[in-house]
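Visitor: This one is run-v8.cif, mmCIF, C-alpha atoms.
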```cif
data_work
#
loop_
_atom_site.label_atom_id
_atom_site.label_comp_id
_atom_site.auth_asym_id
_atom_site.auth_seq_id
_atom_site.Cartn_x
_atom_site.Cartn_y
_atom_site.Cartn_z
CA MET A 215 35.35 -25.70 -10.29
CA LYS A 216 35.31 -29.42 -9.62
CA THR A 217 38.18 -30.81 -7.53
CA VAL A 218 39.10 -34.41 -6.82
CA THR A 219 41.21 -36.13 -4.17
CA VAL A 220 44.32 -38.11 -5.01
CA SER A 221 42.70 -41.33 -3.79
CA THR A 222 39.90 -41.05 -6.38
CA LEU A 223 42.19 -40.66 -9.40
CA THR A 224 42.32 -43.63 -11.78
CA ARG A 225 45.61 -45.02 -13.08
CA LYS A 226 44.87 -43.34 -16.43
CA ASP A 227 44.22 -39.97 -14.76
CA THR A 228 47.47 -40.25 -12.83
CA THR A 229 49.48 -41.18 -15.94
CA ILE A 230 48.01 -38.30 -17.96
CA SER A 231 48.71 -35.89 -15.11
CA ILE A 232 52.35 -37.04 -14.82
CA LEU A 233 52.85 -36.65 -18.60
CA ILE A 234 51.43 -33.11 -18.62
CA ILE A 235 53.44 -32.07 -15.57
CA GLY A 236 56.52 -33.66 -17.18
CA LEU A 237 56.02 -31.48 -20.26
CA MET A 238 55.79 -28.45 -18.01
CA PHE A 239 59.03 -29.38 -16.23
CA PHE A 240 60.69 -29.62 -19.65
CA ILE A 241 59.56 -26.05 -20.37
CA PHE A 242 60.75 -24.88 -16.93
CA GLY A 243 64.15 -26.41 -17.64
CA PHE A 244 64.47 -24.87 -21.08
CA VAL A 245 63.62 -21.37 -19.86
CA SER A 246 65.68 -21.63 -16.65
CA TRP A 247 68.91 -23.26 -17.77
CA VAL A 248 69.37 -21.00 -20.80
CA ASN A 249 70.67 -18.58 -18.14
CA SER A 250 73.95 -20.50 -18.18
CA ILE A 251 74.68 -19.09 -21.65
CA LEU A 252 72.93 -15.75 -21.05
CA ILE A 253 75.35 -14.93 -18.21
CA PRO A 254 78.56 -14.96 -20.32
CA TYR A 255 76.63 -13.57 -23.32
CA PHE A 256 75.41 -10.52 -21.38
CA LYS A 257 78.82 -10.19 -19.72
CA ILE A 258 80.33 -9.59 -23.16
CA ALA A 259 77.48 -7.71 -24.84
CA CYS A 260 76.73 -5.40 -21.89
CA GLU A 261 80.37 -5.17 -20.69
CA LEU A 262 79.82 -6.47 -17.15
CA THR A 263 81.90 -7.69 -14.21
CA HIS A 264 81.42 -11.24 -12.90
CA PHE A 265 79.23 -9.89 -10.08
CA GLN A 266 77.06 -7.88 -12.48
CA SER A 267 76.66 -10.81 -14.87
CA TYR A 268 75.28 -13.01 -12.08
CA LEU A 269 72.47 -10.49 -11.60
CA VAL A 270 70.89 -12.57 -14.39
CA ALA A 271 70.35 -15.36 -11.88
CA PHE A 272 69.43 -12.86 -9.14
CA ALA A 273 66.71 -11.12 -11.17
CA PHE A 274 65.34 -14.43 -12.43
CA TYR A 275 65.14 -16.26 -9.11
CA ILE A 276 64.40 -13.45 -6.66
CA ALA A 277 60.92 -13.53 -8.24
CA TYR A 278 60.39 -16.83 -6.41
CA PHE A 279 60.86 -15.05 -3.08
CA VAL A 280 58.47 -12.27 -4.07
CA MET A 281 55.79 -14.42 -5.69
CA SER A 282 55.76 -17.86 -4.08
CA VAL A 283 53.36 -17.14 -1.18
CA PRO A 284 51.05 -14.93 -3.30
CA SER A 285 51.08 -17.80 -5.81
CA SER A 286 49.58 -20.16 -3.24
CA TYR A 287 46.65 -17.78 -2.70
CA LEU A 288 46.28 -17.29 -6.47
CA LEU A 289 46.12 -21.06 -6.98
CA LYS A 290 43.67 -21.47 -4.13
CA ARG A 291 41.37 -18.87 -5.68
CA MET A 292 41.80 -19.71 -9.38
CA GLY A 293 42.59 -23.43 -9.23
CA PHE A 294 45.64 -25.20 -10.64
CA LYS A 295 44.82 -24.93 -14.35
CA LYS A 296 43.84 -21.26 -14.51
CA GLY A 297 46.74 -20.42 -12.23
CA MET A 298 49.14 -22.28 -14.50
CA MET A 299 47.76 -20.42 -17.52
CA ILE A 300 48.44 -17.09 -15.77
CA GLY A 301 51.97 -18.31 -15.02
CA PHE A 302 52.63 -19.05 -18.70
CA PHE A 303 51.23 -15.67 -19.70
CA ALA A 304 53.58 -13.93 -17.23
CA MET A 305 56.53 -15.82 -18.71
CA ALA A 306 55.45 -14.74 -22.21
CA LEU A 307 55.38 -11.11 -21.11
CA GLY A 308 58.89 -11.45 -19.75
CA ALA A 309 60.10 -12.91 -23.06
CA PHE A 310 58.56 -9.99 -24.97
CA ILE A 311 60.35 -7.49 -22.68
CA PHE A 312 63.61 -8.78 -24.19
CA VAL A 313 62.70 -6.99 -27.44
CA PRO A 314 62.94 -3.37 -26.17
CA ALA A 315 65.85 -4.42 -23.96
CA ALA A 316 67.79 -5.64 -26.98
CA LEU A 317 66.89 -2.62 -29.11
CA THR A 318 68.36 -0.30 -26.48
CA ARG A 319 71.04 -2.67 -25.11
CA THR A 320 69.83 -1.86 -21.60
CA TYR A 321 70.88 -4.50 -19.09
CA GLU A 322 68.36 -3.30 -16.48
CA VAL A 323 65.47 -3.91 -18.90
CA PHE A 324 66.78 -7.42 -19.57
CA LEU A 325 66.77 -7.98 -15.82
CA LEU A 326 63.14 -6.79 -15.69
CA GLY A 327 62.27 -9.33 -18.39
CA LEU A 328 64.04 -12.09 -16.48
CA PHE A 329 62.24 -11.07 -13.26
CA THR A 330 58.88 -11.26 -15.06
CA ILE A 331 59.70 -14.70 -16.45
CA GLY A 332 60.65 -15.70 -12.91
CA ILE A 333 57.25 -14.54 -11.61
CA GLY A 334 55.52 -16.83 -14.09
CA LEU A 335 57.77 -19.73 -13.16
CA ALA A 336 57.15 -19.12 -9.44
CA ILE A 337 53.41 -19.57 -10.02
CA LEU A 338 53.98 -22.72 -12.06
CA GLN A 339 56.49 -24.25 -9.66
CA THR A 340 54.22 -23.52 -6.69
CA ALA A 341 51.52 -25.52 -8.46
CA THR A 342 53.47 -28.41 -9.94
CA ASN A 343 55.90 -29.44 -7.19
CA PRO A 344 53.31 -30.19 -4.47
CA TYR A 345 51.12 -31.67 -7.22
CA ILE A 346 53.69 -34.24 -8.30
CA THR A 347 54.76 -34.90 -4.70
CA ILE A 348 51.29 -36.06 -3.60
CA LEU A 349 50.33 -37.70 -6.92
CA GLY A 350 50.94 -41.26 -5.74
CA PRO A 351 52.51 -43.22 -2.86
CA LYS A 352 54.63 -41.14 -0.47
CA GLU A 353 57.54 -43.61 -0.56
CA ARG A 354 57.80 -43.19 -4.33
CA ALA A 355 57.68 -39.38 -4.31
CA ALA A 356 61.45 -39.08 -4.92
CA GLN A 357 61.06 -41.44 -7.88
CA ARG A 358 58.34 -39.26 -9.46
CA ILE A 359 60.30 -36.08 -8.77
CA SER A 360 63.35 -37.71 -10.40
CA ILE A 361 61.30 -38.29 -13.56
CA MET A 362 60.37 -34.61 -13.51
CA GLY A 363 64.04 -33.81 -12.99
CA ILE A 364 64.96 -35.72 -16.14
CA CYS A 365 62.45 -33.64 -18.09
CA ASN A 366 63.84 -30.45 -16.54
CA LYS A 367 67.52 -31.22 -16.97
CA GLY A 368 67.01 -32.80 -20.40
CA ALA A 369 65.69 -29.44 -21.55
CA GLY A 370 68.61 -27.84 -19.75
CA ILE A 371 71.06 -29.83 -21.87
CA LEU A 372 69.40 -28.60 -25.06
CA ALA A 373 68.78 -24.98 -24.03
CA PRO A 374 72.33 -23.54 -23.96
CA ILE A 375 73.36 -25.50 -27.06
CA LEU A 376 70.31 -24.42 -29.09
CA PHE A 377 70.47 -20.86 -27.83
CA ALA A 378 74.17 -20.64 -28.65
CA ALA A 379 73.47 -22.09 -32.11
CA VAL A 380 70.89 -19.34 -32.73
CA ILE A 381 72.76 -16.31 -31.39
CA LEU A 382 76.46 -17.20 -31.76
CA ARG A 383 78.40 -17.53 -35.00
CA PRO A 384 81.71 -19.29 -35.72
CA THR A 385 83.39 -15.90 -36.29
CA ASP A 386 82.27 -14.46 -32.94
CA GLN A 387 85.38 -15.52 -31.02
CA ALA A 388 87.51 -13.33 -33.28
CA LEU A 389 85.06 -10.49 -32.62
CA PHE A 390 85.30 -11.00 -28.85
CA ASP A 391 89.10 -10.92 -29.03
CA GLN A 392 89.06 -7.65 -31.01
CA LEU A 393 86.55 -5.74 -28.86
CA THR A 394 89.16 -4.26 -26.52
CA HIS A 395 91.09 -2.84 -29.52
CA MET A 396 88.08 -1.11 -31.11
CA SER A 397 87.11 2.53 -30.73
CA PRO A 398 84.16 3.17 -28.37
CA ILE A 399 81.81 3.93 -31.28
CA GLU A 400 82.83 0.83 -33.26
CA ARG A 401 82.63 -1.39 -30.16
CA ALA A 402 79.17 -0.05 -29.30
CA HIS A 403 77.97 -0.77 -32.85
CA GLU A 404 79.25 -4.36 -32.77
CA LEU A 405 77.76 -5.00 -29.32
CA ASP A 406 74.40 -3.54 -30.40
CA GLU A 407 74.35 -5.99 -33.31
CA LEU A 408 75.35 -8.85 -31.00
CA ILE A 409 72.64 -8.23 -28.40
CA ARG A 410 69.85 -7.83 -30.97
CA ARG A 411 70.22 -11.48 -31.93
CA VAL A 412 67.98 -12.37 -28.97
CA ILE A 413 64.94 -10.56 -30.43
CA VAL A 414 63.71 -13.30 -32.76
CA PRO A 415 64.18 -16.33 -30.43
CA TYR A 416 62.54 -14.58 -27.45
CA SER A 417 59.66 -13.31 -29.58
CA ILE A 418 59.02 -16.88 -30.75
CA LEU A 419 59.34 -18.10 -27.16
CA GLY A 420 56.75 -15.57 -25.97
CA ILE A 421 54.21 -16.67 -28.57
CA ALA A 422 54.84 -20.35 -27.75
CA LEU A 423 54.30 -19.73 -24.02
CA ILE A 424 50.92 -18.09 -24.69
CA VAL A 425 49.84 -21.09 -26.76
CA ILE A 426 51.03 -23.54 -24.09
CA GLY A 427 49.20 -21.59 -21.37
CA LEU A 428 45.93 -21.85 -23.29
CA GLY A 429 46.62 -25.55 -23.89
CA ILE A 430 47.05 -26.21 -20.14
CA LYS A 431 43.81 -24.36 -19.40
CA TYR A 432 41.85 -26.73 -21.63
CA SER A 433 43.90 -29.88 -20.92
CA PRO A 434 42.54 -32.96 -19.08
CA LEU A 435 44.75 -32.18 -16.06
CA PRO A 436 42.51 -32.73 -13.01
CA GLU A 437 42.05 -30.19 -10.22
CA ILE A 438 43.42 -31.97 -7.13
CA ASN A 439 42.38 -31.10 -3.61
CA THR A 440 45.78 -30.77 -1.91
CA GLU A 441 44.20 -29.92 1.43
CA GLU A 442 42.66 -33.32 2.09
CA GLU A 443 43.47 -34.95 5.44
CA ASN A 444 42.63 -38.41 6.63
CA GLU A 445 41.25 -38.80 10.14
CA GLU A 446 44.62 -39.68 11.67
CA LEU A 447 46.36 -36.71 10.03
CA ALA A 448 43.55 -34.33 10.97
CA MET A 449 43.89 -35.46 14.59
CA ALA A 450 47.68 -34.96 14.54
CA ASN A 451 47.34 -31.48 13.06
CA SER A 452 44.36 -30.39 15.18
CA ASP A 453 46.52 -28.10 17.32
CA LYS A 454 48.37 -26.57 14.35
CA THR A 455 47.41 -23.04 13.31
CA ASN A 456 50.27 -22.10 10.95
CA ILE A 457 53.12 -23.63 8.98
CA PHE A 458 55.77 -22.36 11.41
CA GLN A 459 54.64 -25.11 13.78
CA PHE A 460 56.28 -27.64 11.44
CA PRO A 461 60.04 -27.22 12.11
CA TYR A 462 61.04 -29.86 9.56
CA LEU A 463 59.24 -27.80 6.90
CA ILE A 464 61.01 -24.56 7.82
CA LEU A 465 64.38 -26.33 7.95
CA GLY A 466 63.48 -27.95 4.62
CA ALA A 467 62.81 -24.53 3.07
CA VAL A 468 66.29 -23.44 4.16
CA ALA A 469 67.66 -26.67 2.65
CA ILE A 470 65.90 -25.90 -0.64
CA PHE A 471 67.33 -22.35 -0.57
CA ILE A 472 70.83 -23.74 -0.16
CA HIS A 473 70.46 -26.67 -2.54
CA VAL A 474 69.17 -24.70 -5.52
CA GLY A 475 71.91 -22.13 -4.98
CA THR A 476 74.60 -24.81 -5.10
CA GLN A 477 72.99 -26.35 -8.17
CA VAL A 478 72.83 -23.12 -10.14
CA ILE A 479 76.43 -22.27 -9.19
CA ALA A 480 77.56 -25.64 -10.58
CA ILE A 481 75.78 -24.97 -13.89
CA ASP A 482 75.79 -21.21 -14.42
CA THR A 483 79.42 -20.56 -13.41
CA ILE A 484 81.06 -23.36 -15.36
CA ILE A 485 81.34 -21.48 -18.68
CA ASN A 486 83.16 -18.58 -17.04
CA TYR A 487 85.33 -21.06 -15.12
CA ALA A 488 86.21 -22.74 -18.41
CA GLY A 489 87.04 -19.29 -19.79
CA SER A 490 89.58 -18.83 -16.98
CA MET A 491 91.36 -21.85 -18.47
CA ASP A 492 91.52 -20.08 -21.87
CA ILE A 493 88.72 -22.17 -23.33
CA PRO A 494 86.78 -20.10 -25.93
CA LEU A 495 83.07 -19.45 -25.33
CA LEU A 496 82.08 -21.43 -28.41
CA GLU A 497 83.81 -24.48 -26.90
CA ALA A 498 82.86 -23.79 -23.28
CA LYS A 499 79.13 -23.59 -24.10
CA VAL A 500 78.82 -27.40 -23.82
CA PHE A 501 80.00 -27.64 -20.19
CA PRO A 502 76.58 -26.87 -18.63
CA SER A 503 75.21 -29.71 -20.72
CA TYR A 504 77.82 -32.09 -19.29
CA THR A 505 76.76 -31.11 -15.76
CA LEU A 506 73.08 -31.59 -16.59
CA PHE A 507 73.76 -34.93 -18.28
CA VAL A 508 75.48 -36.19 -15.13
CA THR A 509 72.48 -34.93 -13.15
CA ILE A 510 70.15 -36.96 -15.36
CA CYS A 511 72.32 -40.03 -14.71
CA GLY A 512 71.69 -39.47 -11.00
CA TYR A 513 67.96 -39.18 -11.61
CA LEU A 514 67.92 -42.43 -13.58
CA LEU A 515 69.79 -44.19 -10.79
CA GLY A 516 67.25 -42.81 -8.33
CA ILE A 517 64.31 -44.06 -10.42
CA ILE A 518 65.84 -47.54 -10.53
CA CYS A 519 66.99 -47.78 -6.91
CA ILE A 520 64.39 -45.81 -4.88
CA PRO A 521 62.74 -47.34 -2.89
CA ARG A 522 63.65 -50.86 -4.03
CA PHE A 523 67.33 -50.82 -3.05
CA ILE A 524 67.72 -47.62 -1.06
CA SER A 525 65.35 -45.30 0.77
CA GLN A 526 64.95 -41.75 -0.48
CA VAL A 527 66.36 -40.37 2.77
CA ASN A 528 69.55 -42.45 2.46
CA ALA A 529 69.92 -41.34 -1.16
CA LEU A 530 69.67 -37.75 0.10
CA ARG A 531 72.39 -38.39 2.67
CA ILE A 532 74.75 -39.91 0.12
CA CYS A 533 74.26 -37.04 -2.36
CA THR A 534 74.85 -34.30 0.22
CA ILE A 535 78.07 -35.92 1.47
CA LEU A 536 79.24 -36.39 -2.14
CA GLY A 537 78.62 -32.68 -2.82
CA ALA A 538 80.84 -31.68 0.10
CA LEU A 539 83.65 -34.01 -1.03
CA LEU A 540 83.49 -32.76 -4.63
CA THR A 541 83.71 -29.16 -3.43
CA LEU A 542 87.00 -29.94 -1.66
CA LEU A 543 88.30 -31.63 -4.81
CA ILE A 544 87.42 -28.55 -6.91
CA VAL A 545 89.38 -26.28 -4.61
CA PHE A 546 92.42 -28.46 -3.94
CA CYS A 547 92.97 -30.67 -7.03
CA LYS A 548 95.09 -29.21 -9.84
CA SER A 549 96.20 -31.18 -12.89
CA ASP A 550 96.01 -30.68 -16.66
CA VAL A 551 93.85 -33.30 -18.39
CA VAL A 552 92.29 -33.88 -21.79
CA ILE A 553 88.74 -35.25 -21.56
CA PHE A 554 86.23 -35.33 -24.45
CA GLY A 555 88.74 -33.30 -26.46
CA HIS A 556 88.88 -30.45 -23.92
CA GLN A 557 92.27 -29.56 -22.45
CA THR A 558 91.42 -28.28 -18.98
CA ASP A 559 92.34 -28.35 -15.33
CA ILE A 560 90.82 -31.45 -13.69
CA SER A 561 88.88 -29.29 -11.22
CA ILE A 562 86.30 -28.33 -13.85
CA TRP A 563 85.29 -31.99 -14.13
CA PHE A 564 84.59 -32.07 -10.41
CA VAL A 565 82.24 -29.11 -11.04
CA VAL A 566 80.59 -31.27 -13.71
CA LEU A 567 80.28 -34.15 -11.22
CA LEU A 568 78.49 -31.86 -8.78
CA GLY A 569 75.54 -32.52 -11.08
CA PHE A 570 75.48 -36.09 -9.81
CA GLY A 571 75.76 -35.02 -6.18
CA ASN A 572 72.93 -32.53 -6.63
CA SER A 573 70.67 -34.89 -8.55
CA LEU A 574 68.59 -36.45 -5.75
CA ILE A 575 68.75 -33.64 -3.17
CA TRP A 576 65.66 -31.77 -4.42
CA ALA A 577 63.77 -35.05 -4.76
CA GLY A 578 64.80 -36.05 -1.25
CA ILE A 579 63.90 -32.79 0.49
CA TRP A 580 60.37 -32.28 -0.89
CA PRO A 581 58.65 -35.41 0.46
CA LEU A 582 60.40 -35.04 3.83
CA ALA A 583 59.42 -31.39 4.17
CA LEU A 584 55.78 -31.86 3.05
CA ASP A 585 55.16 -35.06 5.01
CA GLY A 586 52.04 -34.79 7.16
CA LEU A 587 51.18 -31.17 6.34
CA GLY A 588 47.64 -32.01 5.25
CA ARG A 589 45.65 -28.78 4.81
CA PHE A 590 48.92 -26.81 5.03
CA THR A 591 50.34 -28.53 1.91
CA LYS A 592 49.77 -25.67 -0.56
CA LEU A 593 51.22 -23.03 1.74
CA GLY A 594 54.07 -25.35 2.72
CA GLY A 595 54.79 -25.95 -0.95
CA SER A 596 54.85 -22.21 -1.61
CA LEU A 597 57.34 -21.77 1.25
CA LEU A 598 59.62 -24.36 -0.33
CA ILE A 599 59.28 -22.60 -3.69
CA MET A 600 60.26 -19.36 -1.93
CA GLY A 601 63.52 -21.16 -1.16
CA LEU A 602 64.30 -21.04 -4.88
CA CYS A 603 65.50 -17.48 -4.31
CA GLY A 604 68.71 -19.25 -3.23
CA ASN A 605 69.36 -19.32 -6.98
CA ALA A 606 69.42 -15.51 -6.79
CA ILE A 607 71.57 -15.03 -3.69
CA LEU A 608 74.29 -17.68 -3.78
CA PRO A 609 75.52 -16.99 -7.36
CA LEU A 610 76.01 -13.34 -6.33
CA ALA A 611 78.09 -14.51 -3.37
CA TYR A 612 80.11 -16.64 -5.78
CA GLY A 613 80.49 -13.67 -8.18
CA TYR A 614 81.67 -11.41 -5.36
CA PHE A 615 84.39 -13.83 -4.26
CA ALA A 616 85.30 -14.56 -7.89
CA ASP A 617 86.00 -10.85 -8.44
CA ALA A 618 87.77 -10.48 -5.08
CA TYR A 619 89.90 -13.66 -5.24
CA SER A 620 89.53 -16.13 -8.11
CA LEU A 621 86.91 -18.25 -9.82
CA ARG A 622 88.34 -21.41 -8.22
CA THR A 623 88.55 -19.96 -4.70
CA ALA A 624 84.94 -18.76 -4.96
CA TYR A 625 83.76 -22.39 -5.01
CA TRP A 626 84.45 -22.44 -1.25
CA VAL A 627 80.96 -20.88 -1.02
CA LEU A 628 79.57 -24.36 -1.65
CA PHE A 629 81.18 -26.13 1.30
CA PRO A 630 79.13 -24.74 4.23
CA CYS A 631 76.04 -25.18 2.06
CA TYR A 632 76.61 -28.92 1.75
CA LEU A 633 77.34 -29.16 5.48
CA TYR A 634 73.84 -27.79 6.20
CA LEU A 635 72.30 -30.17 3.67
CA ILE A 636 74.05 -33.08 5.40
CA PHE A 637 72.55 -31.88 8.70
CA TYR A 638 69.04 -31.78 7.22
CA ALA A 639 69.43 -35.21 5.63
CA ILE A 640 70.62 -36.81 8.87
CA HIS A 641 68.68 -34.95 11.54
CA GLY A 642 66.86 -31.80 10.46
CA HIS A 643 63.97 -33.57 8.69
CA GLN A 644 63.13 -35.40 11.93
CA VAL A 645 62.65 -32.25 14.04
CA LYS A 646 58.97 -32.11 14.98
CA LYS A 647 59.15 -29.45 17.70
CA TRP A 648 61.25 -26.33 18.10
CA LYS A 649 63.99 -26.77 20.64
CA LEU A 650 67.74 -26.58 20.86
CA ILE A 651 68.97 -29.10 18.28
#
```
Represent the supplied structure as structure tokens.

Guide:
Amino acid sequence: MKTVTVSTLTRKDTTISILIIGLMFFIFGFVSWVNSILIPYFKIACELTHFQSYLVAFAFYIAYFVMSVPSSYLLKRMGFKKGMMIGFFAMALGAFIFVPAALTRTYEVFLLGLFTIGIGLAILQTATNPYITILGPKERAAQRISIMGICNKGAGILAPILFAAVILRPTDQALFDQLTHMSPIERAHELDELIRRVIVPYSILGIALIVIGLGIKYSPLPEINTEEENEELAMANSDKTNIFQFPYLILGAVAIFIHVGTQVIAIDTIINYAGSMDIPLLEAKVFPSYTLFVTICGYLLGIICIPRFISQVNALRICTILGALLTLLIVFCKSDVVIFGHQTDISIWFVVLLGFGNSLIWAGIWPLALDGLGRFTKLGGSLLIMGLCGNAILPLAYGYFADAYSLRTAYWVLFPCYLYLIFYAIHGHQVKKWKLI
């Protein structure tokens, strides 16, 4: 297996690599953000509480915790391209598991399918995020990651709308309203029919993922040596024996854990929050797309402004502070408004705007956390990917408080998260040695 260093890649090689990785981020986004419609869909079809419905996110993202470090060893042994192919095959298997799950309307089997898809994505994310971070000048890393974010969130805008178009019908709202008045046998029959609508789209998705995996294996994507170190970096890291000797990396992994959790709460809870305002599911399905569109606006601003007008670390600071302020507005601001034809409480639009606050946080953390890791880059990247299990934990915390108090009150979960992110943006990324900070 022939590997190359970043410094030897031509401009054409770099462009091709960015395009291929961008396509992969589009696929990641499509598969990941469809969860925003799966959560309320399963809540109805499998008759779940809020807490139980957010096990969708838990099962999907806990796979990152389980698989991220093993993924780094898999990629080291197999190389990027073969490893990515295996990741796509794992995702395909997860999609196919949806078929028996739907035939039996067994929520636990759906969760197994989501966990398997998450395993595949963990492998792919462990490969692609360090790859795109080092694929060019360090000071432009946030810019490249923002481009990947546009691909990811662009797919996220399409996913819930297309999925809803495939599995939901205009008459479904009347069905949902009548479910509580049906006999148990009649209700079970209607819910069985409802859940089986996922069989065809997920079967097609599984086949497509197999084809894409084979395509990546034989693509011109180069095998990059992520463990290269120049003489200065090798000297600086000569006394390092493990990744725990890089405090800014460990603190960055915690920041990733918190950030992705806040991001998925903003997107995956918004349909249920709209439902609490008596907005029907068929109308509420577009709200995740609004959040993702605002996120893309943030990415575009980052591409234009970083590093020409603002450094990536200052962009990170601004976004984390904005997230904290928007959280307070969600909790405290109450007023009826009509925006884009939706009659809602104004607080839901602050949830939408969290997409802007979240937009450049991921892109800001990665280059700061991986800076100067050298031969530890792959393992450091896998540790950051492990932080994606925040998508599994924090939505459950939100769901617990939503059941115990209210959907609005549960957004308080976000506030301490943004306070930590502010800490990392201002000070945490500069910590080179463990000490009282």

Visitor: Expressed in Å to a single decimal, how great is the separation between CA of Ile560 in chain A and CA of Ile253 in chain A?

Guide: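 About the pair CA of Ile560 in chain A and CA of Ile253 in chain A: they are 23.1 Å apart.
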
Visitor: Enter the distance from CA of Leu237 in chain A to CA of Ile346 in chain A, in Å, rounded to one decimal.

Guide: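 Separation of CA of Leu237 in chain A and CA of Ile346 in chain A: 12.5 Å.
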
Visitor: With the file shown as input, list the residues that the PyMOL selection byres ((chain A and resi 583-595) around 6) selects, as a list in words.

Guide: Ser286, Pro344, Glu441, Glu443, Tyr462, Leu463, Gly466, Ile579, Trp580, Pro581, Leu582, Ser596, Leu597 and Leu598 of chain A

Visitor: Could you tell me which residues the PyMOL selection byres ((chain A and resi 562) around 12) returns for this structure, as a PyMOL selection string?

Guide: chain A and resi 480-481+483-491+493+498+501-502+504-505+540-541+543-553+556-561+563-569+621-622+625

Visitor: Given the file shown, enumerate the residues that the PyMOL selection byres ((chain A and resi 409) around 10) captures and present them as a PyMOL selection string.

Guide: chain A and resi 255-256+258-260+312+315-320+381+404-408+410-413
